[in-house]
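Peer 1: Dropping a structure here in structure tokens format, bear with me for questions.
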There are 2 protein chains.
Amino acid sequence: MFESYHQILKRNRYKVTPQRKAILEVLDNTRGMHFTAEEIYNQVKKTNPQIGIATVYRTLELLVRLEIVYKSSFDEGRHRYEFYEGDRHFHHHFLCNKCGVIIEVEEDYLCQLEGVLEERGFMISNHNLRLYGLCPACHRKEKHPETR
Amino acid sequence: MFESYHQILKRNRYKVTPQRKAILEVLDNTRGMHFTAEEIYNQVKKTNPQIGIATVYRTLELLVRLEIVYKSSFDEGRHRYEFYEGDRHFHHHFLCNKCGVIIEVEEDYLCQLEGVLEERGFMISNHNLRLYGLCPACHRKEKHPETR
DNA sequence: ACCTAATTGATAATAATTATCATTTGCAAT
DNA sequence: ATTGCAAATGATAATTATTATCAATTAGGT
């Protein structure tokens with residue numbers, strides 16, 4: 001599981017450096033999270049205190065190019081990175097307006113919409129859906145407020 | 001149609017300045033377009049050469065707060081703004097990987113997905129879908145290359 | 001162990017956006 | 001119509017995320 005990333009780097013003639021291994025390890029240990037470059041930098045510094053943030057940015061860009069990592073913008077003025085789980089279509093994101101949690105949504109009901117567009121001559125290669133609202137926890141609290 | 005924005009500003013105790021009017025006018029004249037703050041600034045300068053870019057940013061933020069304008073990120077490292085057409089759900093965007101055109105997609109087949117999530121306790125208030133691929137023009141060219 | 005091109009870390013540069021602040025102005029009250 | 005003042009503006013400095021530069025280091029083939 002971890003060796004495979006080693007292989008992908010080698011296959012593409014990239015060197016397997018301790019920095020790259022450390023960044024991949026952080027990403028591997030935080031599957032399901034959506035971290036910014038700076039958050040990843042802070043994690044990696046725990047094991048590699050000498051690492052520079054430029055290396056983190058460079059490595060993340062490399063991993064994005066190799067389609068190991070997915071980069072997305074949630075309109076916060078910075079990007080977030082996560083392991084690319086490798087389906088043809090990326091999963092969706094739900095963002096809670098209240099607590100800010102980002103929850104992954106696996107369902108894919110967009111085929112129908114894509115079908116309509118492809119009939120019209122589009123060629124859809126990927127999509128990115130963001131859903132906004134209240135997550136179950138916040139929605140419950142809104143209906144049954146405990147405090148205040 | 002234009003007077004109504006005047007009313008929204010007044011109702012919310014914001015002053016109706018020439019700068020705000022000019023920015024609204026540009027947005028009104030470019031419905032369907034997705035402009036960056038700088039592009040809007042350049043447009044507005046044609047009629048209001050003295051305007052500062054800070055005012056453009058401030059006014060756009062104000063219009064976003066008033067839900068007159070929608071702000072979205074297409075992962076280019078800057079934001080784009082457009083009139084909010086006021087449906088409960090925002091329309092979708094198709095982005096051509098080749099020519100970069102942004103085409104609006106009106107179909108809404110997400111109700112089904114949202115239904116599943118609401119059964120699970122989520123409360124969905126909005127969504128934002130980006131589709132990537134080739135627009136009909138580029139897709140045709142790819143199949144029948146004329147030049148090169 | 002050596003060679004060399006790739007990689008790194010430090011840091012300068014850039015680009016978009018936000019904050020500051022003195023000046024100006026819309027508009028409500030007179 | 002005039003005035004007073006909070007709100008808004010323009011110029012520009014500051015900030016923030018990201019990218020570029022470059023000398024020093026290093027992975028990995030020989």
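Lettering and numbering for the structure tokens are positional, with chains as A, B, ... in the shown order, residues counted from 1 in each chain, and ligands counted from 1 in the shown order.
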Determine, using only C-alpha atoms (C1' of nucleotides), which residues of chain B have any atom at most 12 Å from an atom of chain C, and tabulate each with its shortest atom pair and distance in Å to one decimal place, rows ordered by chain and then rising number, as CSV.
Peer 2:
residue,atom,partner,partner_atom,distance
B:Lys10,CA,C:DC27,C1',11.0
B:Arg13,CA,C:DC27,C1',10.9
B:Tyr14,CA,C:DG26,C1',9.8
B:Lys15,CA,C:DG26,C1',6.4
B:Val16,CA,C:DG26,C1',7.4
B:Thr17,CA,C:DG26,C1',7.2
B:Pro18,CA,C:DG26,C1',10.0
B:Gln19,CA,C:DT25,C1',11.7
B:Thr36,CA,C:DA16,C1',10.4
B:Ala37,CA,C:DA16,C1',9.5
B:Glu38,CA,C:DA16,C1',9.6
B:Ile53,CA,C:DT17,C1',10.4
B:Ala54,CA,C:DT18,C1',8.7
B:Thr55,CA,C:DT18,C1',11.5
B:Val56,CA,C:DT17,C1',11.3
B:Tyr57,CA,C:DT17,C1',8.0
B:Arg58,CA,C:DT18,C1',9.4
B:Glu61,CA,C:DT17,C1',11.2
B:Glu76,CA,C:DA16,C1',10.8
B:Gly77,CA,C:DA16,C1',7.6
B:Arg78,CA,C:DA16,C1',6.4
B:His79,CA,C:DA16,C1',8.9
B:Arg80,CA,C:DA16,C1',11.9
Peer 1: Just need the residues of chain B within 7 Å of chain A, counting only C-alpha atoms, so spit them out as a list of chain:residue names.
Peer 2: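 In the required form, that comes to B:Ser72, B:Ser73, B:Asp75, B:Glu107, B:Tyr109, B:Leu110, B:Gln112, B:Leu113, B:Gly121, B:Phe122, B:Met123, B:Ile124, B:Ser125, B:Asn126, B:His127, B:Asn128, B:Leu129, B:Arg130, B:Leu131, B:Tyr132, B:Gly133, B:Leu134, B:Cys135, B:Pro136, B:His139.
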Peer 1: Please tabulate, as a Markdown table, the residues of chain D that come within 9 Å of chain B, each with its closest pair of atoms and the distance in Å to one decimal, counting only C-alpha atoms (C1' of nucleotides) and ordering rows by chain, then residue number upward.
Peer 2:
| residue | atom | partner | partner_atom | distance |
| --- | --- | --- | --- | --- |
| D:DA7 | C1' | B:Lys15 | CA | 7.5 |
| D:DA8 | C1' | B:Lys15 | CA | 8.0 |
| D:DT9 | C1' | B:Thr55 | CA | 6.8 |
| D:DG10 | C1' | B:Gly52 | CA | 5.4 |
| D:DA11 | C1' | B:Gly52 | CA | 7.9 |
| D:DT18 | C1' | B:Gly77 | CA | 9.0 |
Peer 1: Please produce a file of those selected residues containing all heavy atoms, as a short mmCIF file (atom, residue, chain, number, x, y, z; two decimals), in the first residue's frame.
Peer 2:
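Written file, part38.cif:
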data_model
loop_
_atom_site.label_atom_id
_atom_site.label_comp_id
_atom_site.auth_asym_id
_atom_site.auth_seq_id
_atom_site.Cartn_x
_atom_site.Cartn_y
_atom_site.Cartn_z
P DA D 7 -22.00 54.30 10.30
OP1 DA D 7 -23.09 53.32 10.52
OP2 DA D 7 -20.69 54.14 10.96
"O5'" DA D 7 -21.76 54.42 8.74
"C5'" DA D 7 -22.83 54.83 7.90
"C4'" DA D 7 -22.34 54.93 6.47
"O4'" DA D 7 -21.41 56.04 6.34
"C3'" DA D 7 -21.59 53.70 5.98
"O3'" DA D 7 -22.05 53.45 4.66
"C2'" DA D 7 -20.12 54.12 6.02
"C1'" DA D 7 -20.21 55.61 5.75
N9 DA D 7 -19.15 56.44 6.34
C8 DA D 7 -18.63 56.34 7.61
N7 DA D 7 -17.71 57.24 7.86
C5 DA D 7 -17.63 57.98 6.69
C6 DA D 7 -16.84 59.08 6.31
N6 DA D 7 -15.95 59.67 7.11
N1 DA D 7 -17.01 59.58 5.06
C2 DA D 7 -17.90 59.00 4.26
N3 DA D 7 -18.71 57.95 4.49
C4 DA D 7 -18.52 57.50 5.74
P DA D 8 -21.46 52.32 3.79
OP1 DA D 8 -22.56 51.84 2.92
OP2 DA D 8 -20.70 51.38 4.63
"O5'" DA D 8 -20.43 53.11 2.87
"C5'" DA D 8 -20.92 54.14 2.03
"C4'" DA D 8 -19.79 54.68 1.19
"O4'" DA D 8 -18.90 55.43 2.04
"C3'" DA D 8 -18.93 53.62 0.51
"O3'" DA D 8 -18.87 53.94 -0.86
"C2'" DA D 8 -17.59 53.70 1.21
"C1'" DA D 8 -17.57 55.14 1.71
N9 DA D 8 -16.80 55.38 2.92
C8 DA D 8 -16.88 54.70 4.11
N7 DA D 8 -16.07 55.18 5.04
C5 DA D 8 -15.43 56.24 4.42
C6 DA D 8 -14.47 57.15 4.88
N6 DA D 8 -13.96 57.15 6.10
N1 DA D 8 -14.04 58.09 3.99
C2 DA D 8 -14.55 58.10 2.76
N3 DA D 8 -15.47 57.29 2.22
C4 DA D 8 -15.87 56.37 3.12
P DT D 9 -17.99 53.09 -1.85
OP1 DT D 9 -18.68 53.10 -3.16
OP2 DT D 9 -17.57 51.83 -1.24
"O5'" DT D 9 -16.71 54.03 -1.97
"C5'" DT D 9 -16.87 55.36 -2.43
"C4'" DT D 9 -15.52 56.04 -2.48
"O4'" DT D 9 -15.00 56.18 -1.14
"C3'" DT D 9 -14.47 55.25 -3.26
"O3'" DT D 9 -14.00 56.05 -4.32
"C2'" DT D 9 -13.38 54.94 -2.24
"C1'" DT D 9 -13.63 55.96 -1.15
N1 DT D 9 -13.29 55.53 0.24
C2 DT D 9 -12.41 56.29 0.98
O2 DT D 9 -11.88 57.30 0.55
N3 DT D 9 -12.19 55.82 2.25
C4 DT D 9 -12.74 54.70 2.85
O4 DT D 9 -12.46 54.39 4.00
C5 DT D 9 -13.65 53.95 2.02
C7 DT D 9 -14.32 52.72 2.56
C6 DT D 9 -13.88 54.40 0.77
P DG D 10 -13.16 55.42 -5.50
OP1 DG D 10 -13.51 56.11 -6.76
OP2 DG D 10 -13.26 53.96 -5.41
"O5'" DG D 10 -11.70 55.85 -5.08
"C5'" DG D 10 -11.40 57.23 -4.96
"C4'" DG D 10 -9.94 57.39 -4.59
"O4'" DG D 10 -9.73 56.99 -3.22
"C3'" DG D 10 -8.98 56.54 -5.41
"O3'" DG D 10 -7.81 57.34 -5.64
"C2'" DG D 10 -8.69 55.34 -4.51
"C1'" DG D 10 -8.79 55.94 -3.12
N9 DG D 10 -9.27 55.07 -2.06
C8 DG D 10 -10.16 54.03 -2.18
N7 DG D 10 -10.43 53.44 -1.04
C5 DG D 10 -9.66 54.13 -0.11
C6 DG D 10 -9.53 53.96 1.29
O6 DG D 10 -10.08 53.14 2.02
N1 DG D 10 -8.64 54.88 1.85
C2 DG D 10 -7.98 55.85 1.15
N2 DG D 10 -7.19 56.64 1.85
N3 DG D 10 -8.09 56.03 -0.17
C4 DG D 10 -8.94 55.14 -0.72
P DA D 11 -6.64 56.90 -6.59
OP1 DA D 11 -6.34 58.04 -7.47
OP2 DA D 11 -6.94 55.58 -7.15
"O5'" DA D 11 -5.44 56.76 -5.54
"C5'" DA D 11 -5.21 57.80 -4.60
"C4'" DA D 11 -4.17 57.35 -3.59
"O4'" DA D 11 -4.80 56.56 -2.56
"C3'" DA D 11 -3.06 56.49 -4.19
"O3'" DA D 11 -1.81 56.94 -3.67
"C2'" DA D 11 -3.39 55.09 -3.72
"C1'" DA D 11 -4.08 55.35 -2.38
N9 DA D 11 -5.04 54.33 -2.00
C8 DA D 11 -5.88 53.61 -2.82
N7 DA D 11 -6.65 52.76 -2.18
C5 DA D 11 -6.30 52.94 -0.85
C6 DA D 11 -6.76 52.33 0.33
N6 DA D 11 -7.71 51.39 0.36
N1 DA D 11 -6.20 52.74 1.50
C2 DA D 11 -5.25 53.69 1.47
N3 DA D 11 -4.74 54.33 0.42
C4 DA D 11 -5.32 53.90 -0.73
P DT D 18 -2.01 27.86 -1.02
OP1 DT D 18 -3.06 27.21 -1.81
OP2 DT D 18 -1.38 27.17 0.12
"O5'" DT D 18 -0.88 28.28 -2.06
"C5'" DT D 18 -1.27 29.07 -3.18
"C4'" DT D 18 -0.03 29.51 -3.94
"O4'" DT D 18 0.79 30.35 -3.13
"C3'" DT D 18 0.87 28.35 -4.39
"O3'" DT D 18 0.78 28.28 -5.81
"C2'" DT D 18 2.25 28.73 -3.87
"C1'" DT D 18 2.11 30.22 -3.60
N1 DT D 18 3.00 30.80 -2.57
C2 DT D 18 3.88 31.79 -2.94
O2 DT D 18 3.97 32.20 -4.08
N3 DT D 18 4.66 32.28 -1.93
C4 DT D 18 4.65 31.89 -0.60
O4 DT D 18 5.41 32.42 0.21
C5 DT D 18 3.71 30.85 -0.26
C7 DT D 18 3.61 30.35 1.14
C6 DT D 18 2.94 30.37 -1.25
#
Peer 1: Need the shell around range 22-27 of chain B: protein/DNA/RNA residues with any atom at most 10 Å away, counting only C-alpha atoms (C1' of nucleotides). Skip same-chain ones fewer than 4 positions apart. Format as a list of chain:residue names?
Peer 2: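 So the residues in contact are B:Phe2, B:Tyr5, B:His6, B:Thr17, B:Pro18, B:Arg31, B:Gly32, B:Met33, B:His34, B:Phe35, B:Ile40, B:Tyr41, B:Gln43, B:Val44, B:Lys45, B:Lys46, B:Thr47, B:Asn48, B:Ile51, B:Thr55, B:Val56, B:Thr59, B:Leu60, B:Leu63, B:Ile68, B:Val69, B:Tyr81, B:Glu82, B:Phe83.
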Peer 1: Taking the DSSP secondary structure from the backbone, can you list the residues of range 45-143 of chain B that are strand (DSSP E), as number ranges by chain?
Peer 2: B: 69-73, 79-83, 92-96, 102-105, 123-134
Peer 1: For the selection just defined, write its residues with N, CA, C and O atoms to a file, as a short mmCIF file (atom, residue, chain, number, x, y, z; two decimals), in the first residue's frame.
Peer 2:
data_model
loop_
_atom_site.label_atom_id
_atom_site.label_comp_id
_atom_site.auth_asym_id
_atom_site.auth_seq_id
_atom_site.Cartn_x
_atom_site.Cartn_y
_atom_site.Cartn_z
N VAL B 69 -24.63 38.88 -5.76
CA VAL B 69 -23.55 38.37 -6.61
C VAL B 69 -23.06 37.05 -6.04
O VAL B 69 -23.08 36.86 -4.81
N TYR B 70 -22.67 36.15 -6.92
CA TYR B 70 -22.14 34.87 -6.49
C TYR B 70 -20.65 34.84 -6.79
O TYR B 70 -20.21 35.26 -7.86
N LYS B 71 -19.90 34.35 -5.83
CA LYS B 71 -18.44 34.31 -5.94
C LYS B 71 -18.03 32.86 -6.01
O LYS B 71 -18.44 32.06 -5.18
N SER B 72 -17.25 32.51 -7.02
CA SER B 72 -16.80 31.12 -7.03
C SER B 72 -15.35 31.01 -7.44
O SER B 72 -14.77 31.91 -8.03
N SER B 73 -14.77 29.90 -7.06
CA SER B 73 -13.36 29.64 -7.35
C SER B 73 -13.30 28.51 -8.36
O SER B 73 -13.93 27.48 -8.18
N HIS B 79 -10.70 34.58 -7.72
CA HIS B 79 -12.14 34.33 -7.71
C HIS B 79 -12.82 34.97 -8.90
O HIS B 79 -12.32 35.92 -9.48
N ARG B 80 -13.99 34.46 -9.21
CA ARG B 80 -14.81 35.02 -10.27
C ARG B 80 -16.18 35.34 -9.70
O ARG B 80 -16.65 34.67 -8.79
N TYR B 81 -16.77 36.41 -10.25
CA TYR B 81 -18.03 36.91 -9.73
C TYR B 81 -19.07 36.96 -10.84
O TYR B 81 -18.74 37.23 -11.98
N GLU B 82 -20.33 36.74 -10.47
CA GLU B 82 -21.41 36.83 -11.45
C GLU B 82 -22.70 37.12 -10.70
O GLU B 82 -22.81 36.85 -9.50
N PHE B 83 -23.68 37.65 -11.40
CA PHE B 83 -24.97 37.90 -10.80
C PHE B 83 -25.56 36.60 -10.29
O PHE B 83 -25.49 35.56 -10.95
N HIS B 92 -24.94 25.05 -12.55
CA HIS B 92 -23.64 24.39 -12.56
C HIS B 92 -22.73 25.04 -13.60
O HIS B 92 -23.18 25.80 -14.45
N HIS B 93 -21.47 24.69 -13.52
CA HIS B 93 -20.49 25.22 -14.47
C HIS B 93 -19.78 24.08 -15.17
O HIS B 93 -19.35 23.12 -14.54
N PHE B 94 -19.64 24.25 -16.46
CA PHE B 94 -18.81 23.35 -17.22
C PHE B 94 -17.56 24.10 -17.65
O PHE B 94 -17.64 25.21 -18.18
N LEU B 95 -16.39 23.51 -17.41
CA LEU B 95 -15.13 24.15 -17.75
C LEU B 95 -14.41 23.30 -18.78
O LEU B 95 -14.08 22.15 -18.50
N CYS B 96 -14.14 23.87 -19.93
CA CYS B 96 -13.45 23.11 -20.97
C CYS B 96 -11.96 23.06 -20.67
O CYS B 96 -11.32 24.08 -20.46
N ILE B 102 -16.10 28.77 -19.89
CA ILE B 102 -16.98 28.39 -18.79
C ILE B 102 -18.41 28.47 -19.30
O ILE B 102 -18.86 29.53 -19.72
N ILE B 103 -19.10 27.34 -19.33
CA ILE B 103 -20.46 27.29 -19.85
C ILE B 103 -21.39 26.93 -18.70
O ILE B 103 -21.08 26.04 -17.90
N GLU B 104 -22.51 27.65 -18.62
CA GLU B 104 -23.44 27.35 -17.55
C GLU B 104 -24.33 26.18 -17.93
O GLU B 104 -24.73 26.03 -19.08
N VAL B 105 -24.62 25.37 -16.95
CA VAL B 105 -25.42 24.17 -17.15
C VAL B 105 -26.64 24.30 -16.25
O VAL B 105 -26.50 24.45 -15.04
N MET B 123 -28.84 18.53 6.00
CA MET B 123 -29.76 19.53 5.49
C MET B 123 -29.00 20.28 4.40
O MET B 123 -28.03 20.96 4.69
N ILE B 124 -29.39 20.10 3.17
CA ILE B 124 -28.65 20.68 2.05
C ILE B 124 -29.25 22.02 1.69
O ILE B 124 -30.44 22.12 1.38
N SER B 125 -28.44 23.06 1.74
CA SER B 125 -28.98 24.38 1.40
C SER B 125 -28.48 24.87 0.05
O SER B 125 -29.09 25.74 -0.55
N ASN B 126 -27.38 24.32 -0.44
CA ASN B 126 -26.89 24.74 -1.75
C ASN B 126 -25.87 23.73 -2.24
O ASN B 126 -25.40 22.89 -1.48
N HIS B 127 -25.54 23.84 -3.50
CA HIS B 127 -24.47 23.01 -4.01
C HIS B 127 -23.75 23.74 -5.13
O HIS B 127 -24.21 24.75 -5.63
N ASN B 128 -22.62 23.21 -5.46
CA ASN B 128 -21.76 23.84 -6.46
C ASN B 128 -21.08 22.72 -7.21
O ASN B 128 -20.31 21.97 -6.66
N LEU B 129 -21.44 22.60 -8.46
CA LEU B 129 -20.92 21.50 -9.26
C LEU B 129 -20.05 22.05 -10.38
O LEU B 129 -20.45 22.97 -11.10
N ARG B 130 -18.87 21.50 -10.50
CA ARG B 130 -18.01 21.84 -11.63
C ARG B 130 -17.79 20.60 -12.46
O ARG B 130 -17.44 19.55 -11.91
N LEU B 131 -18.00 20.71 -13.74
CA LEU B 131 -17.77 19.61 -14.66
C LEU B 131 -16.58 19.97 -15.54
O LEU B 131 -16.47 21.12 -15.98
N TYR B 132 -15.71 19.01 -15.76
CA TYR B 132 -14.53 19.25 -16.58
C TYR B 132 -14.54 18.32 -17.78
O TYR B 132 -15.04 17.21 -17.69
N GLY B 133 -13.98 18.78 -18.86
CA GLY B 133 -13.89 17.94 -20.04
C GLY B 133 -13.67 18.78 -21.27
O GLY B 133 -12.92 19.75 -21.23
N LEU B 134 -14.30 18.40 -22.37
CA LEU B 134 -14.17 19.16 -23.60
C LEU B 134 -15.55 19.71 -23.99
O LEU B 134 -16.54 18.97 -23.97
#
Peer 1: Go through chain A and collect every residue that DSSP, computed from the backbone, puts in alpha helix (DSSP H); the answer should be as number ranges by chain.
Peer 2: A: 3-11, 18-29, 37-47, 53-65, 111-119, 136-143
